>>> print(open('final_12.tsv').read())   # TSV, C-alpha atoms
chain	number	residue	atom	x	y	z
A	8	MET	CA	25.37	-15.50	14.33
A	9	ALA	CA	21.78	-14.38	14.86
A	10	ILE	CA	21.41	-12.72	11.46
A	11	THR	CA	17.66	-12.36	11.91
A	12	GLU	CA	18.23	-9.91	14.73
A	13	VAL	CA	19.90	-7.27	12.57
A	14	PRO	CA	17.58	-4.22	12.53
A	15	ASP	CA	16.00	-3.50	9.15
A	16	ILE	CA	17.39	0.04	9.27
A	17	VAL	CA	20.91	-1.48	9.19
A	18	ILE	CA	19.93	-3.69	6.26
A	19	GLY	CA	18.65	-0.53	4.55
A	20	ARG	CA	22.12	1.04	4.76
A	21	LEU	CA	24.00	-1.95	3.30
A	22	PRO	CA	22.93	-1.21	-0.31
A	23	ILE	CA	24.19	2.34	0.16
A	24	TYR	CA	27.56	1.06	1.33
A	25	LEU	CA	27.57	-1.34	-1.59
A	26	ARG	CA	26.97	1.47	-4.09
A	27	ALA	CA	29.73	3.59	-2.56
A	28	LEU	CA	32.16	0.65	-2.67
A	29	THR	CA	31.28	0.00	-6.31
A	30	LEU	CA	31.92	3.64	-7.22
A	31	LEU	CA	35.24	3.64	-5.32
A	32	GLY	CA	36.25	0.42	-7.07
A	33	GLU	CA	35.33	1.81	-10.48
A	34	ALA	CA	37.43	4.87	-9.69
A	35	GLY	CA	40.41	2.54	-9.23
A	36	HIS	CA	40.65	2.52	-5.42
A	37	GLU	CA	41.67	-0.70	-3.68
A	38	PHE	CA	41.21	0.17	-0.01
A	39	THR	CA	38.89	2.43	1.92
A	40	SER	CA	38.04	3.21	5.54
A	41	SER	CA	34.89	3.79	7.56
A	42	GLN	CA	36.01	7.44	7.70
A	43	GLU	CA	36.20	7.77	3.92
A	44	LEU	CA	32.91	5.93	3.39
A	45	GLY	CA	31.28	8.03	6.09
A	46	GLN	CA	32.46	11.25	4.53
A	47	ARG	CA	31.15	10.24	1.11
A	48	LEU	CA	27.80	9.14	2.46
A	49	GLY	CA	27.19	11.65	5.23
A	50	ILE	CA	27.02	8.81	7.78
A	51	GLY	CA	29.18	8.62	10.91
A	52	SER	CA	32.17	6.29	10.64
A	53	ALA	CA	31.26	4.68	13.99
A	54	GLN	CA	27.81	3.90	12.61
A	55	ILE	CA	29.34	2.22	9.57
A	56	ARG	CA	31.68	0.12	11.70
A	57	LYS	CA	28.79	-0.86	13.99
A	58	ASP	CA	26.54	-1.76	11.04
A	59	LEU	CA	29.21	-3.99	9.48
A	60	SER	CA	30.10	-5.60	12.83
A	61	HIS	CA	26.69	-7.31	12.79
A	62	PHE	CA	28.05	-9.55	10.04
A	63	GLY	CA	31.66	-10.12	10.95
A	64	GLU	CA	35.08	-8.49	10.90
A	65	PHE	CA	35.82	-6.98	7.48
A	66	GLY	CA	38.54	-4.41	8.07
A	67	LYS	CA	42.03	-4.31	9.49
A	68	GLN	CA	43.35	-1.74	11.92
A	69	GLY	CA	45.60	0.49	9.84
A	70	THR	CA	44.79	-0.67	6.30
A	71	GLY	CA	40.98	-0.40	6.54
A	72	TYR	CA	38.70	-2.31	4.18
A	73	GLU	CA	39.74	-4.01	0.98
A	74	ILE	CA	37.07	-2.68	-1.36
A	75	LYS	CA	36.59	-5.74	-3.55
A	76	TYR	CA	36.43	-8.08	-0.57
A	77	LEU	CA	33.97	-5.94	1.40
A	78	ARG	CA	31.88	-5.45	-1.72
A	79	ASP	CA	31.69	-9.22	-2.29
A	80	GLN	CA	30.80	-9.84	1.35
A	81	ILE	CA	27.98	-7.27	1.40
A	82	SER	CA	26.70	-8.65	-1.92
A	83	LYS	CA	26.50	-12.09	-0.35
A	84	ILE	CA	24.81	-10.80	2.80
A	85	LEU	CA	22.17	-9.01	0.71
A	86	HIS	CA	21.82	-12.00	-1.67
A	87	VAL	CA	22.69	-9.82	-4.65
A	88	ASP	CA	25.64	-12.00	-5.63
A	89	ARG	CA	23.08	-13.68	-7.91
A	90	ASP	CA	20.53	-12.48	-10.46
A	91	TRP	CA	16.90	-11.87	-9.57
A	92	ASP	CA	13.89	-12.19	-11.85
A	93	VAL	CA	11.36	-9.41	-11.49
A	94	ALA	CA	7.80	-8.86	-12.71
A	95	LEU	CA	6.67	-5.36	-13.65
A	96	VAL	CA	2.98	-4.50	-13.44
A	97	GLY	CA	1.91	-1.26	-15.11
A	98	PHE	CA	3.33	-0.06	-18.42
A	99	GLY	CA	2.40	3.62	-18.42
A	100	ASP	CA	5.04	6.38	-18.56
A	101	LEU	CA	6.54	5.25	-15.28
A	102	GLY	CA	6.43	1.53	-16.08
A	103	GLN	CA	8.13	2.19	-19.40
A	104	ALA	CA	10.90	4.17	-17.72
A	105	ILE	CA	11.36	1.33	-15.22
A	106	ALA	CA	11.45	-1.27	-18.02
A	107	HIS	CA	14.20	0.69	-19.76
A	108	TYR	CA	16.19	1.52	-16.62
A	109	ALA	CA	19.68	0.12	-17.11
A	110	GLY	CA	20.44	0.44	-13.39
A	111	PHE	CA	18.35	-2.63	-12.63
A	112	ILE	CA	20.14	-4.88	-15.10
A	113	ASP	CA	23.56	-3.61	-13.99
A	114	GLU	CA	22.75	-4.78	-10.46
A	115	GLY	CA	21.29	-8.14	-11.49
A	116	PHE	CA	17.58	-7.32	-11.43
A	117	HIS	CA	16.03	-8.61	-14.65
A	118	ILE	CA	12.49	-7.75	-15.64
A	119	ARG	CA	11.23	-11.08	-16.99
A	120	ALA	CA	7.53	-10.32	-17.31
A	121	ILE	CA	5.57	-7.11	-17.95
A	122	PHE	CA	1.83	-6.70	-17.46
A	123	ASP	CA	-0.76	-4.04	-18.25
A	124	ASN	CA	-4.48	-3.98	-18.93
A	125	ASP	CA	-4.43	-1.44	-21.77
A	126	PRO	CA	-5.11	-3.28	-25.07
A	127	ALA	CA	-2.99	-0.68	-26.89
A	128	LYS	CA	0.08	-1.75	-24.94
A	129	LEU	CA	-0.30	-5.53	-25.07
A	130	GLY	CA	2.12	-7.27	-27.37
A	131	ARG	CA	4.72	-4.50	-27.28
A	132	VAL	CA	8.23	-5.83	-26.80
A	133	VAL	CA	10.80	-4.36	-24.37
A	134	ASN	CA	14.23	-5.93	-24.04
A	135	GLY	CA	12.80	-9.10	-25.51
A	136	LYS	CA	9.84	-9.21	-23.10
A	137	VAL	CA	6.27	-8.99	-24.37
A	138	VAL	CA	3.76	-6.83	-22.51
A	139	ARG	CA	1.03	-9.28	-21.42
A	140	ASN	CA	-2.50	-8.86	-20.17
A	141	VAL	CA	-2.82	-8.78	-16.38
A	142	SER	CA	-5.11	-11.79	-16.72
A	143	GLU	CA	-2.00	-13.82	-17.60
A	144	LEU	CA	-0.18	-12.67	-14.47
A	145	PRO	CA	-0.96	-15.59	-12.13
A	146	GLU	CA	0.07	-18.30	-14.53
A	147	THR	CA	3.10	-16.43	-15.86
A	148	ILE	CA	4.77	-15.51	-12.60
A	149	ALA	CA	4.01	-18.87	-11.03
A	150	LYS	CA	5.55	-20.61	-14.03
A	151	LEU	CA	8.64	-18.38	-14.02
A	152	GLY	CA	8.96	-18.72	-10.23
A	153	ILE	CA	9.21	-14.94	-9.84
A	154	LYS	CA	9.66	-13.76	-6.24
A	155	MET	CA	10.03	-9.99	-6.76
A	156	ALA	CA	7.69	-7.51	-8.40
A	157	ILE	CA	7.43	-3.82	-9.14
A	158	ILE	CA	4.00	-2.17	-9.09
A	159	ALA	CA	3.70	0.91	-11.31
A	160	THR	CA	-0.07	0.98	-11.70
A	161	PRO	CA	-2.55	3.67	-10.67
A	162	ALA	CA	-3.26	3.69	-6.91
A	163	SER	CA	-6.81	2.43	-7.48
A	164	VAL	CA	-5.72	-1.05	-8.60
A	165	ALA	CA	-2.44	-1.44	-6.72
A	166	GLN	CA	-3.84	-3.45	-3.78
A	167	GLU	CA	-5.62	-5.86	-6.11
A	168	VAL	CA	-2.40	-6.31	-8.09
A	169	ALA	CA	-0.39	-6.86	-4.90
A	170	ASP	CA	-2.85	-9.51	-3.72
A	171	LYS	CA	-2.57	-11.33	-7.04
A	172	LEU	CA	1.24	-11.18	-7.00
A	173	ILE	CA	1.46	-12.50	-3.46
A	174	LYS	CA	-1.05	-15.25	-4.11
A	175	ASN	CA	1.20	-16.47	-6.93
A	176	GLY	CA	4.46	-16.55	-5.04
A	177	VAL	CA	5.85	-13.00	-4.93
A	178	LYS	CA	7.68	-12.30	-1.65
A	179	ALA	CA	8.98	-8.77	-2.23
A	180	ILE	CA	7.24	-5.78	-3.80
A	181	LEU	CA	8.54	-2.38	-4.78
A	182	ASN	CA	5.46	-0.17	-4.94
A	183	TYR	CA	5.43	3.06	-6.98
A	184	ALA	CA	1.65	3.53	-6.69
A	185	PRO	CA	0.91	6.36	-4.25
A	186	ILE	CA	-1.01	4.22	-1.76
A	187	THR	CA	-0.14	2.23	1.34
A	188	LEU	CA	-0.54	-1.48	0.65
A	189	SER	CA	-1.58	-4.17	3.05
A	190	VAL	CA	0.53	-7.34	2.77
A	191	PRO	CA	1.22	-10.36	5.00
A	192	ASP	CA	4.19	-10.19	7.38
A	193	SER	CA	5.98	-12.75	5.23
A	194	VAL	CA	6.13	-10.31	2.29
A	195	ARG	CA	8.68	-7.48	2.07
A	196	LEU	CA	7.37	-4.16	0.83
A	197	GLN	CA	9.18	-0.97	-0.13
A	198	TYR	CA	7.68	2.26	-1.40
A	199	ILE	CA	8.86	4.83	-3.89
A	200	ASP	CA	6.76	7.97	-3.75
A	201	PRO	CA	8.49	11.11	-4.96
A	202	VAL	CA	5.77	13.37	-3.53
A	203	VAL	CA	6.57	12.13	-0.02
A	204	HIS	CA	10.22	13.08	-0.56
A	205	MET	CA	9.29	16.50	-1.93
A	206	GLN	CA	6.96	17.20	1.00
A	207	ARG	CA	9.66	16.17	3.44
A	208	MET	CA	11.87	18.91	2.00
A	209	THR	CA	9.35	21.77	1.74
A	210	TYR	CA	9.07	21.68	5.54
A	211	TYR	CA	12.55	23.23	5.60
A	212	LEU	CA	11.84	25.84	2.92
A	213	ASP	CA	9.91	29.07	3.34
B	3	MET	CA	7.35	26.07	20.00
B	4	ALA	CA	10.84	24.98	19.00
B	5	ILE	CA	9.84	23.63	15.59
B	6	THR	CA	13.47	23.31	14.56
B	7	GLU	CA	13.96	20.59	17.14
B	8	VAL	CA	11.56	18.13	15.53
B	9	PRO	CA	13.63	15.17	14.30
B	10	ASP	CA	13.78	14.80	10.53
B	11	ILE	CA	12.48	11.24	10.83
B	12	VAL	CA	9.24	12.68	12.26
B	13	ILE	CA	9.06	15.19	9.39
B	14	GLY	CA	9.52	12.25	7.04
B	15	ARG	CA	6.38	10.57	8.41
B	16	LEU	CA	4.12	13.64	8.08
B	17	PRO	CA	3.73	13.29	4.27
B	18	ILE	CA	2.68	9.67	4.85
B	19	TYR	CA	0.03	10.77	7.34
B	20	LEU	CA	-1.06	13.45	4.89
B	21	ARG	CA	-1.50	10.91	2.09
B	22	ALA	CA	-3.50	8.57	4.36
B	23	LEU	CA	-5.74	11.46	5.46
B	24	THR	CA	-6.32	12.49	1.85
B	25	LEU	CA	-7.31	8.94	0.91
B	26	LEU	CA	-9.65	8.67	3.92
B	27	GLY	CA	-11.21	12.03	3.04
B	28	GLU	CA	-11.68	11.01	-0.59
B	29	ALA	CA	-13.37	7.83	0.63
B	30	GLY	CA	-15.93	10.01	2.43
B	31	HIS	CA	-14.65	9.68	6.00
B	32	GLU	CA	-14.90	12.70	8.32
B	33	PHE	CA	-13.07	11.47	11.43
B	34	THR	CA	-10.21	9.11	12.11
B	35	SER	CA	-8.06	8.00	15.01
B	36	SER	CA	-4.40	7.29	15.62
B	37	GLN	CA	-5.43	3.61	15.81
B	38	GLU	CA	-7.08	3.66	12.37
B	39	LEU	CA	-4.20	5.61	10.82
B	40	GLY	CA	-1.71	3.29	12.48
B	41	GLN	CA	-3.44	0.21	11.17
B	42	ARG	CA	-3.53	1.57	7.62
B	43	LEU	CA	0.10	2.63	7.69
B	44	GLY	CA	1.68	-0.12	9.76
B	45	ILE	CA	2.88	2.46	12.30
B	46	GLY	CA	2.09	2.28	16.02
B	47	SER	CA	-0.74	4.56	17.17
B	48	ALA	CA	1.41	5.87	20.05
B	49	GLN	CA	4.07	6.84	17.51
B	50	ILE	CA	1.53	8.78	15.47
B	51	ARG	CA	0.22	10.63	18.54
B	52	LYS	CA	3.77	11.43	19.63
B	53	ASP	CA	4.75	12.65	16.14
B	54	LEU	CA	1.72	14.98	15.96
B	55	SER	CA	2.21	16.22	19.52
B	56	HIS	CA	5.36	18.01	18.35
B	57	PHE	CA	3.10	20.47	16.57
B	58	GLY	CA	0.10	20.85	18.85
B	59	GLU	CA	-3.11	19.18	19.97
B	60	PHE	CA	-5.10	17.99	16.96
B	61	GLY	CA	-7.46	15.32	18.28
B	62	LYS	CA	-10.13	15.00	20.93
B	63	GLN	CA	-10.48	12.16	23.41
B	64	GLY	CA	-13.38	10.09	22.13
B	65	THR	CA	-13.95	11.62	18.68
B	66	GLY	CA	-10.35	11.41	17.43
B	67	TYR	CA	-9.11	13.59	14.57
B	68	GLU	CA	-11.29	15.58	12.20
B	69	ILE	CA	-9.73	14.53	8.89
B	70	LYS	CA	-10.07	17.80	6.99
B	71	TYR	CA	-8.73	19.86	9.90
B	72	LEU	CA	-5.74	17.58	10.54
B	73	ARG	CA	-5.00	17.45	6.82
B	74	ASP	CA	-5.00	21.25	6.62
B	75	GLN	CA	-2.77	21.55	9.67
B	76	ILE	CA	-0.19	19.06	8.39
B	77	SER	CA	-0.24	20.77	4.99
B	78	LYS	CA	0.59	24.07	6.69
B	79	ILE	CA	3.34	22.50	8.81
B	80	LEU	CA	4.95	20.98	5.70
B	81	HIS	CA	4.43	24.18	3.66
B	82	VAL	CA	2.43	22.29	1.06
B	83	ASP	CA	-0.64	24.49	1.49
B	84	ARG	CA	0.90	26.42	-1.41
B	85	ASP	CA	2.25	25.56	-4.86
B	86	TRP	CA	5.93	24.95	-5.50
B	87	ASP	CA	7.85	25.54	-8.71
B	88	VAL	CA	10.27	22.79	-9.63
B	89	ALA	CA	13.08	22.45	-12.17
B	90	LEU	CA	13.70	19.08	-13.81
B	91	VAL	CA	17.18	18.28	-15.12
B	92	GLY	CA	17.45	15.25	-17.39
B	93	PHE	CA	14.85	14.35	-19.98
B	94	GLY	CA	15.64	10.71	-20.72
B	95	ASP	CA	13.09	7.93	-20.10
B	96	LEU	CA	12.98	8.69	-16.40
B	97	GLY	CA	12.85	12.48	-16.79
B	98	GLN	CA	10.00	12.11	-19.28
B	99	ALA	CA	8.04	9.92	-16.86
B	100	ILE	CA	8.63	12.49	-14.12
B	101	ALA	CA	7.53	15.36	-16.39
B	102	HIS	CA	4.28	13.51	-17.12
B	103	TYR	CA	3.63	12.34	-13.56
B	104	ALA	CA	0.24	13.70	-12.54
B	105	GLY	CA	0.95	13.00	-8.85
B	106	PHE	CA	3.24	16.02	-8.65
B	107	ILE	CA	0.69	18.48	-10.01
B	108	ASP	CA	-2.06	17.04	-7.81
B	109	GLU	CA	0.06	17.86	-4.77
B	110	GLY	CA	1.07	21.33	-5.94
B	111	PHE	CA	4.51	20.57	-7.40
B	112	HIS	CA	4.74	22.21	-10.82
B	113	ILE	CA	7.61	21.52	-13.16
B	114	ARG	CA	8.32	24.99	-14.56
B	115	ALA	CA	11.58	24.35	-16.36
B	116	ILE	CA	13.09	21.27	-18.00
B	117	PHE	CA	16.73	20.88	-19.03
B	118	ASP	CA	18.75	18.37	-21.02
B	119	ASN	CA	21.93	18.46	-23.08
B	120	ASP	CA	20.76	16.20	-25.92
B	121	PRO	CA	20.15	18.38	-29.02
B	122	ALA	CA	17.45	15.93	-30.15
B	123	LYS	CA	15.38	16.73	-27.06
B	124	LEU	CA	15.76	20.51	-26.96
B	125	GLY	CA	12.67	22.42	-27.98
B	126	ARG	CA	10.26	19.59	-27.16
B	127	VAL	CA	7.22	20.81	-25.23
B	128	VAL	CA	5.76	19.05	-22.16
B	129	ASN	CA	2.74	20.52	-20.37
B	130	GLY	CA	3.55	23.86	-21.98
B	131	LYS	CA	7.21	23.77	-20.90
B	132	VAL	CA	10.02	23.74	-23.45
B	133	VAL	CA	13.01	21.47	-22.91
B	134	ARG	CA	15.99	23.84	-22.71
B	135	ASN	CA	19.72	23.39	-22.97
B	136	VAL	CA	21.47	22.95	-19.62
B	137	SER	CA	23.52	26.03	-20.53
B	138	GLU	CA	20.34	28.07	-19.94
B	139	LEU	CA	19.83	26.56	-16.47
B	140	PRO	CA	21.50	29.26	-14.33
B	141	GLU	CA	19.68	32.19	-15.88
B	142	THR	CA	16.33	30.40	-16.12
B	143	ILE	CA	16.02	29.12	-12.58
B	144	ALA	CA	17.39	32.33	-11.08
B	145	LYS	CA	14.83	34.33	-13.08
B	146	LEU	CA	11.95	32.03	-12.10
B	147	GLY	CA	13.11	31.98	-8.46
B	148	ILE	CA	12.98	28.18	-8.39
B	149	LYS	CA	13.94	26.63	-5.03
B	150	MET	CA	13.31	22.93	-5.75
B	151	ALA	CA	14.82	20.68	-8.39
B	152	ILE	CA	14.71	17.08	-9.53
B	153	ILE	CA	17.86	15.50	-10.95
B	154	ALA	CA	17.21	12.67	-13.42
B	155	THR	CA	20.55	12.71	-15.23
B	156	PRO	CA	23.19	9.98	-15.50
B	157	ALA	CA	25.27	9.61	-12.33
B	158	SER	CA	28.35	10.97	-14.09
B	159	VAL	CA	26.99	14.53	-14.36
B	160	ALA	CA	24.69	14.68	-11.33
B	161	GLN	CA	27.16	16.42	-8.98
B	162	GLU	CA	27.94	19.08	-11.56
B	163	VAL	CA	24.22	19.67	-12.11
B	164	ALA	CA	23.60	19.85	-8.35
B	165	ASP	CA	26.37	22.42	-7.95
B	166	LYS	CA	24.86	24.56	-10.70
B	167	LEU	CA	21.37	24.32	-9.22
B	168	ILE	CA	22.56	25.28	-5.74
B	169	LYS	CA	24.66	28.15	-7.04
B	170	ASN	CA	21.54	29.59	-8.63
B	171	GLY	CA	19.23	29.42	-5.65
B	172	VAL	CA	17.95	25.84	-5.36
B	173	LYS	CA	17.50	24.78	-1.72
B	174	ALA	CA	16.01	21.30	-2.11
B	175	ILE	CA	16.96	18.51	-4.52
B	176	LEU	CA	15.31	15.19	-5.25
B	177	ASN	CA	18.06	13.07	-6.79
B	178	TYR	CA	17.25	10.06	-8.99
B	179	ALA	CA	20.83	9.65	-10.22
B	180	PRO	CA	22.41	6.60	-8.54
B	181	ILE	CA	25.17	8.52	-6.78
B	182	THR	CA	25.59	10.18	-3.40
B	183	LEU	CA	25.78	13.96	-3.85
B	184	SER	CA	27.73	16.43	-1.77
B	185	VAL	CA	25.72	19.54	-0.90
B	186	PRO	CA	26.00	22.33	1.71
B	187	ASP	CA	24.14	21.86	5.02
B	188	SER	CA	21.72	24.58	3.98
B	189	VAL	CA	20.42	22.45	1.09
B	190	ARG	CA	17.92	19.60	1.60
B	191	LEU	CA	18.59	16.44	-0.36
B	192	GLN	CA	16.49	13.32	-0.87
B	193	TYR	CA	17.32	10.25	-2.93
B	194	ILE	CA	15.23	7.93	-5.01
B	195	ASP	CA	17.16	4.83	-5.99
B	196	PRO	CA	15.02	1.78	-6.75
B	197	VAL	CA	18.04	-0.55	-6.70
B	198	VAL	CA	18.68	0.33	-3.04
B	199	HIS	CA	15.08	-0.63	-2.22
B	200	MET	CA	15.34	-3.88	-4.18
B	201	GLN	CA	18.61	-4.83	-2.47
B	202	ARG	CA	17.08	-4.09	0.92
B	203	MET	CA	14.43	-6.72	0.17
B	204	THR	CA	16.58	-9.50	-1.32
B	205	TYR	CA	18.29	-9.79	2.09
B	206	TYR	CA	15.07	-11.39	3.34
B	207	LEU	CA	14.65	-13.71	0.34
B	208	ASP	CA	16.52	-16.90	-0.34
>>> encode(input="final_12.tsv", output="structure tokens")
Amino acid sequence: MAITEVPDIVIGRLPIYLRALTLLGEAGHEFTSSQELGQRLGIGSAQIRKDLSHFGEFGKQGTGYEIKYLRDQISKILHVDRDWDVALVGFGDLGQAIAHYAGFIDEGFHIRAIFDNDPAKLGRVVNGKVVRNVSELPETIAKLGIKMAIIATPASVAQEVADKLIKNGVKAILNYAPITLSVPDSVRLQYIDPVVHMQRMTYYLD
Amino acid sequence: MAITEVPDIVIGRLPIYLRALTLLGEAGHEFTSSQELGQRLGIGSAQIRKDLSHFGEFGKQGTGYEIKYLRDQISKILHVDRDWDVALVGFGDLGQAIAHYAGFIDEGFHIRAIFDNDPAKLGRVVNGKVVRNVSELPETIAKLGIKMAIIATPASVAQEVADKLIKNGVKAILNYAPITLSVPDSVRLQYIDPVVHMQRMTYYLD
């Protein structure tokens, strides 16, 4: 199957399906349907069936989807059936909240290295990880073989940090700095910018 | 002009254009083009011209867009040429980072009321705002006329909080709790879930 042809927007919905399946499973459900998932997520059931059909046949006419099975399959497709090591750059208020966020660990994302350039923060320990100077970043992430990183620095240094990460083997970056980064095509990049979300909503308010 | 017909995905790109224009302006530029914007943002220039054409004619053949003018126009379209009062519910690590995030204030989003249910946090003061008990939420936000809220609570209470917010006049919610919320069609809802972004990237890694 030509997996590479699946549109990224479909890939973007798989984690949302995964979360819904996890919640349904935790609530004790064993089976679900594209209708039930669609209703919970505000996505059309036909869309859900079409998205999943890119990867195979997961449901049965009549009984629908077995939650645990579909959950396992989507986990495999997304490569989250394993743990991922993550580097965090920036240990201000936001970086600290990210370092303490249990949601990452629950889903197998483990922050293995933390960097900042503020002498007052260096040496602090979070979940057993020491906050290191950014100057140690290249050696540390190369040694640990880290492929994913989270940038929580000020916008002014985010591009420089991204360049350093990529040069030392990082292939996927989640960027919280409010700036558009330039990265090679071979690197995945996602943004989290709450202001963009707020401004998308004020359009509808008066 | 039938503004209501503009697809939400187009509205979602306007804040990104706005941010790029702000950065260009801060860097001392006076004019830009859909090509330059497109290159910076990784969006096709034709897409940018088409998006903007929903709202009028902003550029001139040859000279392109005057940055300050286009910035002002997009601000007006998005209703961010004014300040917005915001309620924050949840004052854990994440809520505290949000309360301290300068990016909101810079863009005119002012957190006017903060709520939590942890007695240890009540009464703490952030930027002149006191952390109040969630029991005071209805009266407080109704009195302040707050229309926007940020939910940074555990997933288990997020729906209940959303219901309370909406019942007391909130029309737009930015939800950080890792759960899909059910809200009336008249309420705008945006999600921030870093795990979803991480899982969207691991698909491409092996």
>>> atom_distance(input="final_12.tsv", atom1="CA of Lys70 in chain B", atom2="CA of Ala104 in chain B")
22.5 Å
>>> closest_atom_pairs(input="final_12.tsv", of="chain B", to="chain A", cutoff="6 Å", atoms="all atoms listed in the file", output="JSON lines")
{"residue": "B:Gly14", "atom": "CA", "partner": "A:Arg207", "partner_atom": "CA", "distance": 5.3}
{"residue": "B:Pro17", "atom": "CA", "partner": "A:Val203", "partner_atom": "CA", "distance": 5.3}
{"residue": "B:Leu80", "atom": "CA", "partner": "A:Tyr210", "partner_atom": "CA", "distance": 4.2}
{"residue": "B:His81", "atom": "CA", "partner": "A:Tyr210", "partner_atom": "CA", "distance": 5.6}
{"residue": "B:Asp95", "atom": "CA", "partner": "A:Ala104", "partner_atom": "CA", "distance": 5.0}
{"residue": "B:Leu96", "atom": "CA", "partner": "A:Ala104", "partner_atom": "CA", "distance": 5.1}
{"residue": "B:Ala99", "atom": "CA", "partner": "A:Asp100", "partner_atom": "CA", "distance": 4.9}
{"residue": "B:Val198", "atom": "CA", "partner": "A:Pro22", "partner_atom": "CA", "distance": 5.3}
{"residue": "B:Arg202", "atom": "CA", "partner": "A:Gly19", "partner_atom": "CA", "distance": 5.3}
{"residue": "B:Thr204", "atom": "CA", "partner": "A:His86", "partner_atom": "CA", "distance": 5.8}
{"residue": "B:Tyr205", "atom": "CA", "partner": "A:Leu85", "partner_atom": "CA", "distance": 4.2}
>>> residues_near_point(input="final_12.tsv", point="(34.0, 9.0, 5.2)", cutoff="12 Å", atoms="only C-alpha atoms", output="list in words")
Tyr24, Ala27, Leu28, Leu31, Thr39, Ser40, Ser41, Gln42, Glu43, Leu44, Gly45, Gln46, Arg47, Leu48, Gly49, Ile50, Gly51, Ser52, Ala53, Gln54, Ile55, Arg56 and Gly71 of chain A; Ser184 of chain B
>>> write_last_selection(input="final_12.tsv", atoms="C-alpha atoms", output="PDB file, in the frame of the given file")
ATOM      1  CA  TYR A  24      27.560   1.060   1.330  1.00  0.00           C
ATOM      2  CA  ALA A  27      29.730   3.590  -2.560  1.00  0.00           C
ATOM      3  CA  LEU A  28      32.160   0.650  -2.670  1.00  0.00           C
ATOM      4  CA  LEU A  31      35.240   3.640  -5.320  1.00  0.00           C
ATOM      5  CA  THR A  39      38.890   2.430   1.920  1.00  0.00           C
ATOM      6  CA  SER A  40      38.040   3.210   5.540  1.00  0.00           C
ATOM      7  CA  SER A  41      34.890   3.790   7.560  1.00  0.00           C
ATOM      8  CA  GLN A  42      36.010   7.440   7.700  1.00  0.00           C
ATOM      9  CA  GLU A  43      36.200   7.770   3.920  1.00  0.00           C
ATOM     10  CA  LEU A  44      32.910   5.930   3.390  1.00  0.00           C
ATOM     11  CA  GLY A  45      31.280   8.030   6.090  1.00  0.00           C
ATOM     12  CA  GLN A  46      32.460  11.250   4.530  1.00  0.00           C
ATOM     13  CA  ARG A  47      31.150  10.240   1.110  1.00  0.00           C
ATOM     14  CA  LEU A  48      27.800   9.140   2.460  1.00  0.00           C
ATOM     15  CA  GLY A  49      27.190  11.650   5.230  1.00  0.00           C
ATOM     16  CA  ILE A  50      27.020   8.810   7.780  1.00  0.00           C
ATOM     17  CA  GLY A  51      29.180   8.620  10.910  1.00  0.00           C
ATOM     18  CA  SER A  52      32.170   6.290  10.640  1.00  0.00           C
ATOM     19  CA  ALA A  53      31.260   4.680  13.990  1.00  0.00           C
ATOM     20  CA  GLN A  54      27.810   3.900  12.610  1.00  0.00           C
ATOM     21  CA  ILE A  55      29.340   2.220   9.570  1.00  0.00           C
ATOM     22  CA  ARG A  56      31.680   0.120  11.700  1.00  0.00           C
ATOM     23  CA  GLY A  71      40.980  -0.400   6.540  1.00  0.00           C
TER      24      GLY A  71
ATOM     25  CA  SER B 184      27.730  16.430  -1.770  1.00  0.00           C
TER      26      SER B 184
END
>>> residues_around(input="final_12.tsv", residues="Asn135 in chain B", least_positions_apart="6", cutoff="7 Å", atoms="all atoms listed in the file", output="PyMOL selection string")
chain B and resi 117-119+124
>>> atom_distance(input="final_12.tsv", atom1="CA of Glu7 in chain B", atom2="CA of His56 in chain B")
9.1 Å
>>> atom_distance(input="final_12.tsv", atom1="CA of Leu172 in chain A", atom2="CA of Asp92 in chain A")
13.6 Å
>>> axis_aligned_box(input="final_12.tsv", around="range 24-28 of chain A", padding_each_side="5 Å", output="JSON")
{"center_x": 29.6, "center_y": 1.1, "center_z": -1.4, "size_x": 15.2, "size_y": 14.9, "size_z": 15.4}
